[in-house]
Every structure is written in C-alpha cells, then in structure tokens.
Amino acid sequence: MSDLTKHMSTNDDLNYESFHSVKISIKHRRTGEFTARRSLLTDLFQITHINCIRNAFVAGFFLLISRQAINDLLHYGRFDWTFDLLKHAVGKLHIVAFVWCLMTLSTLFIVFYSTYMWASNRKFTGFYLKLYDFIWSLIYVFYIAGLLVIPTWQIIKQQLPIASAAIILGEQLRQMMKTHSFMRENVDKILQQSKSSKDKKLSFEFSHFTQYFYFIFAPTLLYRDHYPRTSKIQWNIVMQMFGQFMIILCLVYHIVAYFWVPIFQRFFTDDEITLEFAISTIFDLMLPGVLIVILAFYGFFHCWLNGFAELLRFDDRMFYEDWWNLTSAATFWRSWNVVVHDWLYVYVYKDMSKLLNGNRNLSATCVVIVSALFHEYFMIITLGFFSPVLIGWFGIFGMLFRFSFPRAKGTQWNIVLLAFVPICVAVIPYFYVLEVSARYFPAKRKTFWNMVFNSEKQMNNEL
C-alpha cells in the first residue's frame with residue numbers, strides 16, 4: 001500500500017513539473033525569435049489528466065459517427081452517407097494545382113532573383129540611386145498586385161467551388177506575406193550595409209536560394225537566415241500528424257453535412273425570417289460550430305503545422321499559445337494564431353508605431369483593420385459576393401472587446417471570452433447564409449445592398 005502511494009505521489013510530481021515547465025516556456029516567448037521548443041499541446045498531452053480530455057473528445061466523436069451509422073442502418077438498412085456537399089464544395093482540382101504551381105514558381109524564382117538583381121546592381125549614387133530604388137519598388141508593387149489579381153481572376157473566370165477557391169486564396173495570402181517578409185528582411189540588411197560601406201562596389205551578403213526555398217515551405221511567415229533545426233525526421237510523428245489531420249477533415253465534413261446543413265435548409269424553406277427564427281437558429285448553430293472550431297484549431301495549428309515542421313526539421317513548434325486560459329480579447333487573438341500574429345506585429349504594428357510616434361492604440365487598430373480586410377477579401381472571393389459580416393463583427397465587436405478590457409484578469413472574463421467564441425461561430429455563418437438565401441429568394445428577402453440602397457431611397461423621398 002505504501003509503495004502504491006509513493007508511486008502515485010511521484011507520478012503527480014512529474015505531472016506538476018511538466019505543467020510548470022510548460023507555463024515557463026510560454027512566459028518567456030518573444031515575438032520574432034526562434035528557439036527549439038515543442039507545441040503546447042505536445043507538452044500538455046504528456047500529463048495524464050490533460051490527455052484524458054483528448055481521449056474524451058475521441059470517444060465523443062466516435063459515438064457521434066456511430067449514432068449516424070446506426071440510425072442509417074435502422075431506417076434504410078444501409079449506410080446513407082452522402083457526399084453531395086463535397087462534390088459542390090471541391091472541384092476542378094486540376095485548375096487549383098495549375099494556379100498553385102504558377103504562384104509558387106513565381107514566388108520562388110521571380111522574387112528571389114529580382115531581389116538579387118536589384119541588390120547586385122546598386123552601384124549608383126545620389127539622385128540616380130534613389131531613382132534606381134524607386135523603379136524597383138514599383139516593380140515590387142506591381143508583382144504583389146499581380147499575385148493578388150491573377151489568381152483571383154482565375155477563381156472568378158473558372159467559377160471554382162468554395163473549397164477549391166479557399167485553397168488558392170489561402171496559398172495566395174501565405175505566399176504574399178512570405179514574399180513581403182523576405183523582401184523586408186533583405187532590403188533592410190542591404191541598405192544598412194550600403195550606408196556603412198565606403199566601397200561603391202558593395203560586396204553584400206545575400207540570402208542563399210536554398211534557405212529561401214526552405215522558408216517558402218517552412219511553417220513560419222518571418223524570414224530568417226537560420227532557424228533551429230532538429231537532427232533527424234521522426235517519420236512516425238509525420239504520419240501521426242497528417243493521419244490525424246485527415247481524420248479531422250472527415251469529422252468536420254460530417255458535422256457540417258449532418259448538423260449544419262439541415263439548419264441552413266431552414267433559410268430556403270421558411271418564407272419569413274422572424275426574430276424567433278433567428279434566435280433559435282443561432283443557438284442551434286452554436287454547439288456544432290464549437291466542435292468545428294476545436295477540430296479546425298487542432299487539425300491545422302497542431303497537426304498540419306507540426307507535421308510540416310517535423311517533415312522539414314523545423315524545431316520551433318510554437319504555433320499557438322494557451323488561448324483557452326486568456327481573459328482579454330487582445331491576448332486571445334495573439335495566442336490563437338501565433339504564426340500570423342508575428343507577421344502582423346513585425347510588419348504592421350511596429351511599422352505603424354514608427355509612423356504614429358509610438359501610439360499603441362492606433363497601431364493596434366491598424367492591425368485589426370488589416371486583419372479584417374484580409375478575412376473579408378477571402379470571404380468575398382470565396383463566396384462570390386460582398387456582405388461586410390467579418391468587418392462589422394470583428395471591426396465593431398472585436399475593437400469594443402479589446403478596448404473595454406485590454407488587460408482584464410479573473411475567471412469571469414475568461415468565461416465571457418469563452419462564451420463569445422460560440423456566439424461568433426454561430427452569428428457569422430448565420431448572416432452569410434441569410435445573404436445567400438436572400439439572393440436565392442430575391443422576391444421574399446432583401447440582400448445587404450438592397451437594404452442599403454432602399455434605405456437611401458427612402459431617406460431621399462422623406463427629404
């Protein structure tokens with residue numbers, strides 16, 4: 001009996017020490033610095049009490065799938081699993097692959113060798129040097145514009161389905177941010193060398209193509225000449241991460257097809273949208289929405305990014321922090337997506353702080369605006385229409401939450417923040433589907449633009 005008690009005590013001490021060490025690694029993280037560290041959930045799952053939560057989710061999703069399978073067998077005598085939604089959402093993958101290849105090749109070769117040509121030929125002085133840099137700056141602006149316009153034009157021209165369009169847009173934004181990071185880091189380095197060098201024929205240090213090639217596929221948006229690397233690839237982890245990612249894709253599809261779609265069908269069967277309809281629909285969307293958010297977070301930020309990190313021997317796995325423990329909206333968004341936050345902090349927040357004489361509130365507002373515009377652009381091209389749901393929701397409520405309690409502490413604020421998550425994942429799809437149904441039933445409902453123009457006409461008539 002005493003040996004058992006001693007063993008249990010030792011195990012608890014190990015769990016406590018593991019948890020304590022995880023909290024220290026989070027506390028000392030600095031934006032833009034890369035060190036060898038594991039993802040937070042990788043450390044937390046070593047604690048048996050935390051790992052039990054993951055096991056509970058696995059058991060719950062198993063019962064979820066079993067419920068649908070047994071229900072089909074009882075009613076139809078067979079599995080009535082339909083993939084109609086998948087057929088409508090994913091298609092024309094050969095066009096997706098072609099556009100992706102063009103974007104990747106241009107990002108790899110045009111960006112790198114154009115930057116190299118600019119840097120190696122900066123042998124002018126005075127006005128001619130400024131003119132030379134200005135011309136290359138215009139070339140860079142035109143390239144970014146082309147990277148935005150050409151893939152978008154192909155999405156519209158080919159009428160790509162939602163998921164196929166989302167793949168291209170996600171890669172477009174990722175490569176655009178990587179391109180900007182590479183340019184910024186190398187341009188600053190070359191200009192600093194040019195100022196400190198007395199030799200007009202500057203022998204500069206430029207990034208190697210192999211390192212740039214590695215950066216394009218590495219799970220980070222900040223360019224560095226060196227990253228912490230592991231000694232070898234653990235293929236069992238690679239297979240485990242990507243295997244879990246594929247399973248999560250199936251689970252997300254199952255939840256959307258069998259829980260969200262039946263709710264969305266109400267928009268196309270009910271003639272009138274009442275307040276009771278809106279409230280009941282939003283609450284019905286919450287639970288499936290929360291499951292989708294949890295699965296999407298774990299699938300992408302943990303499985304997908306860790307799988308690529310292990311495959312590329314990228315040893316800094318801090319892709320997210322403990323957003324579920326936070327009490328303020330500002331720290332929540334910083335911790336939810338560390339990869340994008342680092343890019344926004346380094347290239348938007350810090351630059352705007354210099355321009356605005358260190359005004360943190362205005363700089364943070366600019367970050368929120370840029371993030372909202374990126375999200376809204378993604379939704380406009382994917383869905384094929386403009387309805388400012390994300391700008392309104394994140395721009396108004398997001399900024400309200402951020403400035404209402406920027407440094408709030410306490411359990412009550414954590415509860416408020418966690419309650420805000422299911423509200424977001426229910427309200428946002430509600431308004432988007434409402435807009436789609438208004439376009440499907442133009443005689444019965446008004447779209448966003450109909451309401452805007454009708455209200456303007458009514459005001460003019462009253463005047």
# chains A, B, ... in the order shown; residues from 1 in each chain; ligands from 1
>>> residues_around(residues="Ala278 (chain A)", least_positions_apart="5", cutoff="10 Å", atoms="only C-alpha atoms", output="ChimeraX atom specification")
/A:267,273,283-284,427,430-431,434
>>> closest_atom_pairs(of="region 280-311 of chain A", to="region 56-72 of chain A", cutoff="12 Å", atoms="only C-alpha atoms", output="CSV")
residue,atom,partner,partner_atom,distance
A:Pro288,CA,A:Leu64,CA,11.5
A:Leu291,CA,A:Phe61,CA,9.6
A:Ile292,CA,A:Phe61,CA,11.6
A:Ile294,CA,A:Phe57,CA,10.1
A:Leu295,CA,A:Phe57,CA,10.0
A:Tyr298,CA,A:Phe57,CA,11.7
>>> select_by_dssp(residues="region 149-344 of chain A", states="alpha helix (DSSP H)", output="PyMOL selection string")
chain A and resi 149-158+162-196+209-217+235-255+261-264+266-269+275-296+305-311+329-336+338-344
>>> write_last_selection(atoms="C-alpha atoms", output="tab-separated table (two decimals), in the first residue's frame")
chain	number	residue	atom	x	y	z
A	149	VAL	CA	-5.23	39.85	-59.19
A	150	ILE	CA	-4.28	36.88	-61.40
A	151	PRO	CA	-5.31	34.02	-59.04
A	152	THR	CA	-8.49	35.93	-58.13
A	153	TRP	CA	-9.27	36.40	-61.80
A	154	GLN	CA	-8.87	32.67	-62.39
A	155	ILE	CA	-11.20	31.85	-59.48
A	156	ILE	CA	-13.90	34.12	-60.90
A	157	LYS	CA	-13.35	33.06	-64.51
A	158	GLN	CA	-13.34	29.32	-63.81
A	162	ILE	CA	-15.89	27.22	-52.36
A	163	ALA	CA	-13.25	24.82	-51.04
A	164	SER	CA	-11.16	24.99	-54.23
A	165	ALA	CA	-11.25	28.79	-54.18
A	166	ALA	CA	-10.32	28.78	-50.48
A	167	ILE	CA	-7.22	26.67	-51.19
A	168	ILE	CA	-5.96	29.12	-53.80
A	169	LEU	CA	-6.73	32.18	-51.67
A	170	GLY	CA	-5.08	30.70	-48.59
A	171	GLU	CA	-1.92	29.97	-50.58
A	172	GLN	CA	-2.08	33.37	-52.23
A	173	LEU	CA	-2.14	35.22	-48.90
A	174	ARG	CA	0.51	32.94	-47.41
A	175	GLN	CA	2.94	33.47	-50.28
A	176	MET	CA	2.26	37.20	-50.34
A	177	MET	CA	3.13	37.52	-46.64
A	178	LYS	CA	6.23	35.36	-47.09
A	179	THR	CA	7.32	37.46	-50.06
A	180	HIS	CA	6.93	40.66	-48.07
A	181	SER	CA	8.91	39.23	-45.16
A	182	PHE	CA	11.75	38.10	-47.41
A	183	MET	CA	11.90	41.47	-49.11
A	184	ARG	CA	11.78	43.45	-45.89
A	185	GLU	CA	14.48	41.46	-44.14
A	186	ASN	CA	16.89	41.50	-47.09
A	187	VAL	CA	16.23	45.09	-48.14
A	188	ASP	CA	16.93	46.35	-44.61
A	189	LYS	CA	20.11	44.29	-44.46
A	190	ILE	CA	21.36	45.53	-47.86
A	191	LEU	CA	20.54	49.18	-47.13
A	192	GLN	CA	22.34	49.03	-43.81
A	193	GLN	CA	25.42	47.58	-45.48
A	194	SER	CA	25.23	50.27	-48.16
A	195	LYS	CA	25.23	53.05	-45.55
A	196	SER	CA	28.13	51.61	-43.57
A	209	PHE	CA	18.43	30.34	-52.59
A	210	THR	CA	18.34	27.07	-50.64
A	211	GLN	CA	17.44	28.94	-47.47
A	212	TYR	CA	14.77	30.95	-49.31
A	213	PHE	CA	13.39	27.73	-50.81
A	214	TYR	CA	13.22	26.25	-47.31
A	215	PHE	CA	11.46	29.38	-45.99
A	216	ILE	CA	8.70	29.20	-48.63
A	217	PHE	CA	7.53	25.85	-47.26
A	235	TRP	CA	8.57	9.72	-39.61
A	236	ASN	CA	6.18	8.23	-37.05
A	237	ILE	CA	5.29	11.76	-35.92
A	238	VAL	CA	4.85	12.89	-39.54
A	239	MET	CA	2.45	10.03	-40.26
A	240	GLN	CA	0.64	10.56	-36.96
A	241	MET	CA	0.11	14.29	-37.54
A	242	PHE	CA	-1.06	14.03	-41.14
A	243	GLY	CA	-3.17	10.96	-40.32
A	244	GLN	CA	-4.96	12.87	-37.56
A	245	PHE	CA	-5.41	15.79	-39.95
A	246	MET	CA	-7.20	13.58	-42.50
A	247	ILE	CA	-9.44	12.12	-39.79
A	248	ILE	CA	-10.31	15.64	-38.60
A	249	LEU	CA	-11.24	16.65	-42.15
A	250	CYS	CA	-13.71	13.76	-42.24
A	251	LEU	CA	-15.14	14.75	-38.86
A	252	VAL	CA	-15.55	18.39	-39.88
A	253	TYR	CA	-17.29	17.32	-43.07
A	254	HIS	CA	-19.59	15.04	-41.09
A	255	ILE	CA	-20.58	17.82	-38.67
A	261	VAL	CA	-26.71	21.82	-43.44
A	262	PRO	CA	-30.12	20.74	-42.02
A	263	ILE	CA	-30.17	24.00	-40.06
A	264	PHE	CA	-29.20	26.02	-43.14
A	266	ARG	CA	-34.50	26.31	-42.96
A	267	PHE	CA	-33.43	29.52	-44.72
A	268	PHE	CA	-34.62	28.08	-48.04
A	269	THR	CA	-37.88	26.52	-46.78
A	275	LEU	CA	-36.88	37.11	-34.53
A	276	GLU	CA	-37.81	33.71	-33.07
A	277	PHE	CA	-36.35	32.02	-36.15
A	278	ALA	CA	-33.10	33.99	-35.85
A	279	ILE	CA	-32.61	33.28	-32.13
A	280	SER	CA	-33.38	29.56	-32.37
A	281	THR	CA	-31.20	29.14	-35.46
A	282	ILE	CA	-28.21	30.91	-33.90
A	283	PHE	CA	-28.41	28.77	-30.76
A	284	ASP	CA	-28.76	25.60	-32.87
A	285	LEU	CA	-25.59	26.56	-34.75
A	286	MET	CA	-23.51	27.08	-31.61
A	287	LEU	CA	-22.70	23.52	-30.50
A	288	PRO	CA	-21.76	22.21	-33.97
A	289	GLY	CA	-19.86	25.45	-34.53
A	290	VAL	CA	-17.80	25.00	-31.37
A	291	LEU	CA	-16.92	21.44	-32.40
A	292	ILE	CA	-15.85	22.70	-35.83
A	293	VAL	CA	-13.66	25.40	-34.25
A	294	ILE	CA	-11.98	22.92	-31.88
A	295	LEU	CA	-11.38	20.44	-34.69
A	296	ALA	CA	-10.14	23.14	-37.08
A	305	LEU	CA	1.82	22.68	-38.88
A	306	ASN	CA	3.56	20.15	-36.64
A	307	GLY	CA	3.52	17.61	-39.47
A	308	PHE	CA	5.24	20.04	-41.82
A	309	ALA	CA	7.60	21.19	-39.08
A	310	GLU	CA	8.71	17.61	-38.45
A	311	LEU	CA	8.99	16.90	-42.17
A	329	ALA	CA	-9.56	39.84	-26.45
A	330	ALA	CA	-6.15	41.33	-27.32
A	331	THR	CA	-4.19	38.42	-25.86
A	332	PHE	CA	-6.71	35.93	-27.26
A	333	TRP	CA	-6.05	36.91	-30.88
A	334	ARG	CA	-2.30	36.98	-30.29
A	335	SER	CA	-2.37	33.47	-28.85
A	336	TRP	CA	-4.84	31.83	-31.22
A	338	VAL	CA	0.98	32.95	-33.37
A	339	VAL	CA	2.23	32.49	-36.95
A	340	VAL	CA	0.09	35.28	-38.42
A	341	HIS	CA	0.30	37.43	-35.30
A	342	ASP	CA	4.11	37.54	-35.53
A	343	TRP	CA	3.88	38.78	-39.12
A	344	LEU	CA	1.28	41.42	-38.23
>>> residues_around(residues="Leu390 (chain A)", least_positions_apart="4", cutoff="8 Å", atoms="only C-alpha atoms", output="ChimeraX atom specification")
/A:372,375-376,394-395,428
>>> atom_distance(atom1="CA of Tyr349 (chain A)", atom2="CA of Cys366 (chain A)")
7.3 Å
>>> atom_distance(atom1="CA of Leu160 (chain A)", atom2="CA of Phe374 (chain A)")
19.6 Å
